[in-house]
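Next comes protein-v6.tsv, with TSV, C-alpha atoms.
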```
chain	number	residue	atom	x	y	z
A	340	MET	CA	0.00	0.00	0.00
A	341	SER	CA	1.38	3.43	-0.81
A	342	ALA	CA	2.13	5.83	2.01
A	343	GLY	CA	-0.32	8.40	0.69
A	344	SER	CA	-3.32	6.09	0.64
A	345	ARG	CA	-3.28	5.57	4.39
A	346	ALA	CA	-1.77	8.76	5.70
A	347	PRO	CA	-3.40	9.59	9.03
A	348	VAL	CA	-5.01	13.03	9.35
A	349	PRO	CA	-3.31	15.21	11.98
A	350	GLY	CA	-5.79	16.58	14.51
A	351	SER	CA	-8.47	14.04	13.56
A	352	GLY	CA	-7.44	11.56	16.24
A	353	GLU	CA	-5.91	9.33	13.52
A	354	TRP	CA	-2.39	10.74	13.83
A	355	GLY	CA	-0.59	9.74	16.96
A	356	VAL	CA	2.48	7.63	17.58
A	357	GLY	CA	2.39	4.54	19.73
A	358	PRO	CA	2.52	2.24	21.43
A	359	LEU	CA	5.94	2.61	23.01
A	360	ASP	CA	8.19	0.16	21.14
A	361	HIS	CA	11.37	0.29	23.22
A	362	ILE	CA	13.75	2.33	25.33
A	363	GLY	CA	17.31	2.36	23.99
A	364	ILE	CA	20.02	2.16	26.63
A	365	ALA	CA	23.69	2.77	25.85
A	366	VAL	CA	25.96	0.32	27.69
A	367	ARG	CA	29.73	0.10	27.96
A	368	SER	CA	29.52	-3.67	27.76
A	369	LEU	CA	26.59	-6.06	27.38
A	370	ALA	CA	28.38	-8.60	29.57
A	371	GLU	CA	28.64	-6.01	32.35
A	372	ALA	CA	25.12	-4.50	32.10
A	373	LEU	CA	22.92	-7.47	31.23
A	374	PRO	CA	22.88	-9.23	34.66
A	375	PHE	CA	21.15	-6.21	36.26
A	376	TRP	CA	18.19	-6.60	33.90
A	377	THR	CA	17.99	-10.39	33.83
A	378	GLN	CA	19.26	-11.55	37.23
A	379	VAL	CA	18.37	-8.60	39.47
A	380	LEU	CA	15.08	-7.42	37.86
A	381	GLY	CA	14.21	-10.90	36.54
A	382	LEU	CA	13.40	-9.87	32.95
A	383	PRO	CA	13.80	-12.18	29.90
A	384	ALA	CA	16.51	-11.31	27.34
A	385	GLU	CA	16.73	-12.41	23.70
A	386	PRO	CA	20.05	-13.52	22.16
A	387	PRO	CA	22.24	-10.60	20.97
A	388	GLU	CA	21.62	-9.26	17.45
A	389	ASP	CA	24.42	-7.66	15.41
A	390	LEU	CA	23.72	-4.59	13.28
A	391	PRO	CA	27.05	-4.22	11.43
A	392	HIS	CA	25.86	-1.23	9.33
A	393	MET	CA	25.19	0.67	12.57
A	394	GLY	CA	28.22	-0.69	14.46
A	395	LEU	CA	25.93	-2.03	17.18
A	396	ARG	CA	25.22	-5.20	19.09
A	397	VAL	CA	21.70	-5.18	20.60
A	398	VAL	CA	20.04	-7.25	23.31
A	399	LYS	CA	16.24	-6.95	23.54
A	400	ILE	CA	14.56	-7.44	26.90
A	401	ARG	CA	10.78	-7.86	26.94
A	402	VAL	CA	8.81	-5.99	29.60
A	403	GLY	CA	5.05	-6.06	29.00
A	404	GLU	CA	4.23	-4.81	25.49
A	405	ALA	CA	7.46	-2.78	25.35
A	406	ARG	CA	11.16	-3.65	25.34
A	407	ILE	CA	14.41	-2.45	26.78
A	408	GLU	CA	17.19	-2.49	24.16
A	409	LEU	CA	20.74	-2.58	25.46
A	410	LEU	CA	23.08	-1.07	22.86
A	411	GLU	CA	26.79	-1.85	22.77
A	412	THR	CA	29.04	-0.24	20.17
A	413	THR	CA	31.16	-2.65	18.12
A	414	ARG	CA	33.52	0.04	16.76
A	415	PRO	CA	34.68	3.55	17.69
A	416	GLY	CA	32.91	6.60	16.30
A	417	THR	CA	29.31	5.35	16.34
A	418	PRO	CA	26.63	7.56	17.97
A	419	ILE	CA	26.51	5.11	20.91
A	420	ALA	CA	30.33	5.20	21.30
A	421	LYS	CA	30.25	9.02	21.31
A	422	PHE	CA	27.34	9.13	23.77
A	423	VAL	CA	29.08	6.80	26.25
A	424	GLU	CA	32.34	8.77	25.93
A	425	ALA	CA	30.62	12.10	26.54
A	426	ARG	CA	28.00	11.22	29.18
A	427	GLY	CA	28.66	7.67	30.33
A	428	PRO	CA	26.25	4.77	29.81
A	429	GLY	CA	22.54	5.39	30.35
A	430	LEU	CA	19.16	6.14	28.78
A	431	HIS	CA	19.77	7.00	25.13
A	432	HIS	CA	16.48	7.20	23.22
A	433	VAL	CA	12.80	6.32	23.25
A	434	CYS	CA	11.13	4.61	20.30
A	435	PHE	CA	7.46	4.68	19.32
A	436	ARG	CA	5.75	2.51	16.75
A	437	VAL	CA	4.16	4.08	13.68
A	438	THR	CA	2.23	2.39	10.86
A	439	ASP	CA	4.06	4.22	8.07
A	440	VAL	CA	7.46	5.64	8.98
A	441	ALA	CA	8.11	7.26	5.58
A	442	TRP	CA	4.83	9.18	5.83
A	443	ALA	CA	5.62	10.12	9.46
A	444	GLY	CA	9.02	11.47	8.39
A	445	ARG	CA	7.48	13.66	5.69
A	446	TYR	CA	4.74	14.87	8.04
A	447	LEU	CA	7.21	15.76	10.81
A	448	ALA	CA	9.51	17.50	8.30
A	449	SER	CA	6.51	19.60	7.22
A	450	LEU	CA	6.23	20.76	10.87
A	451	GLY	CA	9.91	21.76	10.90
A	452	HIS	CA	11.18	18.53	12.52
A	453	LYS	CA	13.14	16.95	9.69
A	454	PRO	CA	14.40	13.45	10.65
A	455	LEU	CA	18.19	12.89	10.91
A	456	THR	CA	18.22	10.75	7.74
A	457	ASP	CA	16.27	11.42	4.54
A	458	GLU	CA	15.24	7.79	4.23
A	459	PRO	CA	14.30	5.26	6.95
A	460	GLN	CA	17.10	2.90	8.01
A	461	VAL	CA	16.83	-0.82	8.80
A	462	GLY	CA	17.04	-1.29	12.56
A	463	ALA	CA	16.89	-4.26	14.95
A	464	GLY	CA	14.43	-6.97	13.92
A	465	GLY	CA	14.24	-5.55	10.38
A	466	ALA	CA	12.11	-2.55	11.43
A	467	LEU	CA	12.26	0.65	9.35
A	468	VAL	CA	13.33	3.49	11.62
A	469	LEU	CA	13.85	7.25	11.65
A	470	PHE	CA	15.32	9.46	14.37
A	471	LEU	CA	14.31	13.04	15.10
A	472	HIS	CA	16.88	15.59	16.25
A	473	PRO	CA	17.00	15.79	20.07
A	474	ARG	CA	16.19	19.53	19.69
A	475	ALA	CA	12.69	18.51	18.50
A	476	GLY	CA	12.06	16.60	21.74
A	477	HIS	CA	13.67	19.26	23.99
A	478	GLY	CA	16.64	17.03	24.79
A	479	VAL	CA	14.94	13.67	24.13
A	480	LEU	CA	16.11	11.59	21.16
A	481	VAL	CA	12.94	10.11	19.63
A	482	GLU	CA	12.97	7.16	17.22
A	483	LEU	CA	9.97	6.13	15.12
A	484	SER	CA	9.74	2.50	14.04
A	485	GLN	CA	7.61	0.65	11.51
A	486	PRO	CA	7.80	-3.08	12.35
A	487	ALA	CA	9.02	-5.39	9.60
A	488	ALA	CA	6.12	-6.84	7.56
A	489	GLY	CA	4.55	-9.80	9.37
A	490	ARG	CA	6.04	-8.86	12.74
A	491	ALA	CA	3.92	-7.29	15.46
A	492	SER	CA	7.01	-5.96	17.21
B	720	MET	CA	-1.99	-8.56	52.55
B	721	SER	CA	1.46	-8.65	54.11
B	722	ALA	CA	4.53	-8.45	51.94
B	723	GLY	CA	5.77	-11.84	53.10
B	724	SER	CA	2.64	-13.74	52.18
B	725	ARG	CA	2.94	-12.90	48.51
B	726	ALA	CA	6.66	-12.43	48.06
B	727	PRO	CA	7.61	-13.74	44.62
B	728	VAL	CA	10.34	-16.36	44.46
B	729	PRO	CA	13.43	-15.16	42.57
B	730	GLY	CA	14.45	-17.57	39.83
B	731	SER	CA	11.05	-19.29	39.81
B	732	GLY	CA	9.62	-17.07	37.10
B	733	GLU	CA	7.46	-15.29	39.71
B	734	TRP	CA	9.94	-12.47	40.35
B	735	GLY	CA	10.19	-10.00	37.56
B	736	VAL	CA	9.31	-6.34	37.31
B	737	GLY	CA	6.85	-5.03	34.77
B	738	PRO	CA	5.10	-3.89	32.81
B	739	LEU	CA	6.83	-0.62	32.04
B	740	ASP	CA	4.90	2.05	33.96
B	741	HIS	CA	6.43	5.24	32.59
B	742	ILE	CA	9.49	7.05	31.32
B	743	GLY	CA	10.36	10.15	33.34
B	744	ILE	CA	11.57	13.11	31.28
B	745	ALA	CA	13.12	16.19	32.88
B	746	VAL	CA	11.94	19.40	31.20
B	747	ARG	CA	12.97	23.03	31.67
B	748	SER	CA	9.37	24.10	31.29
B	749	LEU	CA	6.15	22.14	30.72
B	750	ALA	CA	4.79	25.00	28.60
B	751	GLU	CA	7.84	24.73	26.32
B	752	ALA	CA	8.09	20.91	26.07
B	753	LEU	CA	4.45	19.76	26.05
B	754	PRO	CA	3.50	20.82	22.48
B	755	PHE	CA	6.09	18.41	20.99
B	756	TRP	CA	4.32	15.46	22.62
B	757	THR	CA	0.72	16.56	22.12
B	758	GLN	CA	0.73	18.63	18.91
B	759	VAL	CA	3.66	17.11	16.98
B	760	LEU	CA	3.41	13.43	18.05
B	761	GLY	CA	-0.37	13.63	18.67
B	762	LEU	CA	-0.40	12.02	22.13
B	763	PRO	CA	-3.03	12.75	24.83
B	764	ALA	CA	-1.89	14.59	27.98
B	765	GLU	CA	-3.58	14.66	31.39
B	766	PRO	CA	-3.88	17.92	33.38
B	767	PRO	CA	-0.72	18.76	35.41
B	768	GLU	CA	-0.38	17.22	38.89
B	769	ASP	CA	1.57	18.99	41.66
B	770	LEU	CA	3.77	16.97	44.01
B	771	PRO	CA	4.79	19.67	46.52
B	772	HIS	CA	6.76	17.23	48.74
B	773	MET	CA	8.96	16.42	45.74
B	774	GLY	CA	9.04	19.97	44.33
B	775	LEU	CA	7.62	18.70	41.05
B	776	ARG	CA	4.85	19.40	38.59
B	777	VAL	CA	4.07	16.35	36.44
B	778	VAL	CA	2.18	15.90	33.18
B	779	LYS	CA	1.30	12.31	32.25
B	780	ILE	CA	1.00	11.39	28.58
B	781	ARG	CA	-0.57	8.06	27.70
B	782	VAL	CA	1.09	5.93	25.00
B	783	GLY	CA	-0.29	2.39	24.83
B	784	GLU	CA	-0.09	0.70	28.23
B	785	ALA	CA	2.78	2.98	29.31
B	786	ARG	CA	3.12	6.71	29.94
B	787	ILE	CA	5.56	9.51	29.37
B	788	GLU	CA	5.86	11.72	32.46
B	789	LEU	CA	7.17	15.24	31.90
B	790	LEU	CA	8.77	16.52	35.11
B	791	GLU	CA	9.19	20.24	35.82
B	792	THR	CA	10.86	21.39	39.03
B	793	THR	CA	8.87	23.90	41.11
B	794	ARG	CA	11.84	24.97	43.26
B	795	PRO	CA	15.65	24.97	43.11
B	796	GLY	CA	17.64	22.06	44.53
B	797	THR	CA	15.36	19.16	43.60
B	798	PRO	CA	16.89	16.16	41.79
B	799	ILE	CA	15.18	17.31	38.57
B	800	ALA	CA	16.54	20.86	38.97
B	801	LYS	CA	20.07	19.49	39.49
B	802	PHE	CA	19.75	17.09	36.54
B	803	VAL	CA	18.64	19.87	34.16
B	804	GLU	CA	21.42	22.17	35.41
B	805	ALA	CA	24.09	19.50	34.94
B	806	ARG	CA	22.98	17.76	31.73
B	807	GLY	CA	20.14	19.76	30.23
B	808	PRO	CA	16.59	18.45	29.84
B	809	GLY	CA	16.10	14.86	28.65
B	810	LEU	CA	15.43	11.25	29.61
B	811	HIS	CA	15.68	11.00	33.40
B	812	HIS	CA	14.44	7.60	34.61
B	813	VAL	CA	12.48	4.49	33.70
B	814	CYS	CA	9.77	3.11	35.99
B	815	PHE	CA	8.49	-0.45	36.20
B	816	ARG	CA	5.41	-1.66	38.03
B	817	VAL	CA	5.77	-4.10	40.93
B	818	THR	CA	3.02	-5.70	43.03
B	819	ASP	CA	4.74	-5.06	46.36
B	820	VAL	CA	7.29	-2.26	46.36
B	821	ALA	CA	8.33	-2.70	50.02
B	822	TRP	CA	9.13	-6.37	49.38
B	823	ALA	CA	10.98	-5.46	46.17
B	824	GLY	CA	13.07	-2.91	48.09
B	825	ARG	CA	14.09	-5.48	50.70
B	826	TYR	CA	14.84	-8.09	48.04
B	827	LEU	CA	16.99	-5.72	45.99
B	828	ALA	CA	18.82	-4.54	49.14
B	829	SER	CA	19.61	-8.21	49.87
B	830	LEU	CA	21.31	-8.35	46.44
B	831	GLY	CA	23.42	-5.28	47.31
B	832	HIS	CA	21.15	-2.75	45.53
B	833	LYS	CA	19.74	-0.78	48.45
B	834	PRO	CA	17.07	1.73	47.26
B	835	LEU	CA	17.79	5.47	47.67
B	836	THR	CA	15.18	5.78	50.46
B	837	ASP	CA	14.55	3.29	53.27
B	838	GLU	CA	10.77	3.53	52.83
B	839	PRO	CA	8.69	3.92	49.66
B	840	GLN	CA	7.60	7.49	48.85
B	841	VAL	CA	4.22	8.65	47.51
B	842	GLY	CA	4.59	9.55	43.84
B	843	ALA	CA	2.27	10.77	41.09
B	844	GLY	CA	-1.23	9.26	41.21
B	845	GLY	CA	-0.68	8.07	44.81
B	846	ALA	CA	1.65	5.22	43.77
B	847	LEU	CA	4.25	3.97	46.26
B	848	VAL	CA	7.68	4.31	44.69
B	849	LEU	CA	11.35	3.50	45.29
B	850	PHE	CA	14.40	4.48	43.27
B	851	LEU	CA	17.55	2.41	42.86
B	852	HIS	CA	20.95	4.08	42.63
B	853	PRO	CA	21.96	4.66	38.98
B	854	ARG	CA	25.09	2.58	39.74
B	855	ALA	CA	22.81	-0.48	40.04
B	856	GLY	CA	21.48	0.06	36.49
B	857	HIS	CA	24.92	0.95	35.01
B	858	GLY	CA	23.94	4.59	34.52
B	859	VAL	CA	20.16	4.08	34.33
B	860	LEU	CA	17.99	5.46	37.15
B	861	VAL	CA	15.30	2.80	37.78
B	862	GLU	CA	12.10	3.51	39.71
B	863	LEU	CA	9.78	0.77	40.98
B	864	SER	CA	6.13	1.66	41.48
B	865	GLN	CA	3.23	-0.05	43.23
B	866	PRO	CA	0.02	1.54	41.92
B	867	ALA	CA	-2.34	3.09	44.50
B	868	ALA	CA	-4.98	0.59	45.71
B	869	GLY	CA	-7.85	0.39	43.20
B	870	ARG	CA	-5.82	1.94	40.37
B	871	ALA	CA	-4.50	-0.14	37.51
B	872	SER	CA	-1.93	2.53	36.67
```
Kindly return the structure encoded in the file as structure tokens.
Amino acid sequence: MSAGSRAPVPGSGEWGVGPLDHIGIAVRSLAEALPFWTQVLGLPAEPPEDLPHMGLRVVKIRVGEARIELLETTRPGTPIAKFVEARGPGLHHVCFRVTDVAWAGRYLASLGHKPLTDEPQVGAGGALVLFLHPRAGHGVLVELSQPAAGRAS
Amino acid sequence: MSAGSRAPVPGSGEWGVGPLDHIGIAVRSLAEALPFWTQVLGLPAEPPEDLPHMGLRVVKIRVGEARIELLETTRPGTPIAKFVEARGPGLHHVCFRVTDVAWAGRYLASLGHKPLTDEPQVGAGGALVLFLHPRAGHGVLVELSQPAAGRAS
């Protein structure tokens, strides 16, 4: 289906992001950070997933309908490497699900919030994702994610 | 019901926090930050709630089963005031629901992760809450919240 044929109408109640897909957490080391989430808080983790084009290794942790994603850099110079160098490990971004991420990107650009990339990128689990500039969210880095076809999350 | 009579058993699958209750976001000003969430992302906000004992004004924004909570300080010297001074506005903490926050606090203390206060505090919506030290979460400030009696969230 083309983006235009199902574009939600802002202000009509049709346009709204959600649900919350995941919270991205920058870690120095998965081996170091993971036991807090799994052994201390008792949450279930999936096996690590490598995203070589982003220089990331990701572990997803299910919590209700949302996830925690622990993000470890696999090379210097990635956004996660720079974040950890500058601020230490911690909360990095929040991601909401959208039905059509390309449409959402054009709509947000029309409001003056142009996404960081012109085209959606392929993220963890094959989702199509866009990031907004943290200025848009007043210091919060917001990701929008369209799940891969046939996947609910 | 006493905490002991329904204490979950770690490792049995009974102990595990969740679902995600909310993400706490430190803002400089609710008036400045709120339109991004409501007008740009199209999410529904509740009226502001004052927590004078915490020096906070909170706006809750529903997104699926979770919430965003925008946190504005109402006086100098609060943890939110210090956070915004030191790092600017942004993602501040992540909160998970638990059935018995006093039990959870004792259990986590027994693992070496003593909560920041000895007793749970009353948070937004009358929930009983505890915070863990960010060291426990490798840079992530984790709040645990037991909803007020008769409230699902």
Dump as a PDB file with C-alpha atoms, in the coordinates of the input the residues of chain B that approach chain A to within 8 Å, counting all atoms listed in the file.
```
ATOM      1  CA  PRO B 729      13.430 -15.160  42.570  1.00  0.00           C
ATOM      2  CA  GLY B 730      14.450 -17.570  39.830  1.00  0.00           C
ATOM      3  CA  GLY B 732       9.620 -17.070  37.100  1.00  0.00           C
ATOM      4  CA  TRP B 734       9.940 -12.470  40.350  1.00  0.00           C
ATOM      5  CA  GLY B 735      10.190 -10.000  37.560  1.00  0.00           C
ATOM      6  CA  VAL B 736       9.310  -6.340  37.310  1.00  0.00           C
ATOM      7  CA  GLY B 737       6.850  -5.030  34.770  1.00  0.00           C
ATOM      8  CA  PRO B 738       5.100  -3.890  32.810  1.00  0.00           C
ATOM      9  CA  LEU B 739       6.830  -0.620  32.040  1.00  0.00           C
ATOM     10  CA  ILE B 744      11.570  13.110  31.280  1.00  0.00           C
ATOM     11  CA  VAL B 746      11.940  19.400  31.200  1.00  0.00           C
ATOM     12  CA  ALA B 752       8.090  20.910  26.070  1.00  0.00           C
ATOM     13  CA  PHE B 755       6.090  18.410  20.990  1.00  0.00           C
ATOM     14  CA  TRP B 756       4.320  15.460  22.620  1.00  0.00           C
ATOM     15  CA  VAL B 759       3.660  17.110  16.980  1.00  0.00           C
ATOM     16  CA  LEU B 760       3.410  13.430  18.050  1.00  0.00           C
ATOM     17  CA  GLY B 761      -0.370  13.630  18.670  1.00  0.00           C
ATOM     18  CA  LEU B 762      -0.400  12.020  22.130  1.00  0.00           C
ATOM     19  CA  VAL B 782       1.090   5.930  25.000  1.00  0.00           C
ATOM     20  CA  GLY B 783      -0.290   2.390  24.830  1.00  0.00           C
ATOM     21  CA  GLU B 784      -0.090   0.700  28.230  1.00  0.00           C
ATOM     22  CA  ALA B 785       2.780   2.980  29.310  1.00  0.00           C
ATOM     23  CA  GLY B 807      20.140  19.760  30.230  1.00  0.00           C
ATOM     24  CA  PRO B 808      16.590  18.450  29.840  1.00  0.00           C
ATOM     25  CA  GLY B 809      16.100  14.860  28.650  1.00  0.00           C
ATOM     26  CA  LEU B 810      15.430  11.250  29.610  1.00  0.00           C
ATOM     27  CA  HIS B 811      15.680  11.000  33.400  1.00  0.00           C
ATOM     28  CA  HIS B 812      14.440   7.600  34.610  1.00  0.00           C
ATOM     29  CA  LEU B 827      16.990  -5.720  45.990  1.00  0.00           C
ATOM     30  CA  LEU B 830      21.310  -8.350  46.440  1.00  0.00           C
ATOM     31  CA  ALA B 855      22.810  -0.480  40.040  1.00  0.00           C
ATOM     32  CA  GLY B 856      21.480   0.060  36.490  1.00  0.00           C
ATOM     33  CA  HIS B 857      24.920   0.950  35.010  1.00  0.00           C
ATOM     34  CA  GLY B 858      23.940   4.590  34.520  1.00  0.00           C
ATOM     35  CA  VAL B 859      20.160   4.080  34.330  1.00  0.00           C
TER      36      VAL B 859
END
```
(message) For Leu847 in chain B, find every residue with an atom within 10 Å (counting all atoms listed in the file), except residues of its own chain fewer than 4 positions away, and show them as number ranges by chain.
(response) B: 817, 819-821, 838-843, 863-868
(request) Measuring atom to atom with only C-alpha atoms, identify which of A:Trp442, A:Ser449, A:Ala425, A:Leu369 is nearest to Thr413 in chain A. (result)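 Among the listed residues, A:Leu369 lies closest to Thr413 in chain A.
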(request) Considering all atoms listed in the file, state which residue in the set B:Ala800, B:Leu849, B:Leu790, B:Cys814 is at the smallest distance from Glu768 in chain B. (result) B:Leu790
(message) Env of Met393 in chain A: 9 Å cut, atoms = only C-alpha atoms, seq-sep filter 2 positions within chain, self excluded. Answer as a ChimeraX atom specification.
(response) /A:389-391,395-396,412-413,417-418,462
Restricted to C-alpha atoms, what would the selected residues look like written as a PDB file, in the coordinates of the input?
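Okay, this is what ended up in result_16.pdb:
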```pdb
ATOM      1  CA  ASP A 389      24.420  -7.660  15.410  1.00  0.00           C
ATOM      2  CA  LEU A 390      23.720  -4.590  13.280  1.00  0.00           C
ATOM      3  CA  PRO A 391      27.050  -4.220  11.430  1.00  0.00           C
ATOM      4  CA  LEU A 395      25.930  -2.030  17.180  1.00  0.00           C
ATOM      5  CA  ARG A 396      25.220  -5.200  19.090  1.00  0.00           C
ATOM      6  CA  THR A 412      29.040  -0.240  20.170  1.00  0.00           C
ATOM      7  CA  THR A 413      31.160  -2.650  18.120  1.00  0.00           C
ATOM      8  CA  THR A 417      29.310   5.350  16.340  1.00  0.00           C
ATOM      9  CA  PRO A 418      26.630   7.560  17.970  1.00  0.00           C
ATOM     10  CA  GLY A 462      17.040  -1.290  12.560  1.00  0.00           C
TER      11      GLY A 462
END
```
(request) Just give me the gap between CA of Ala346 in chain A and CA of Val778 in chain B in Å, one decimal is fine. (result)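 Taking CA of Ala346 in chain A and CA of Val778 in chain B, their separation equals 28.7 Å.
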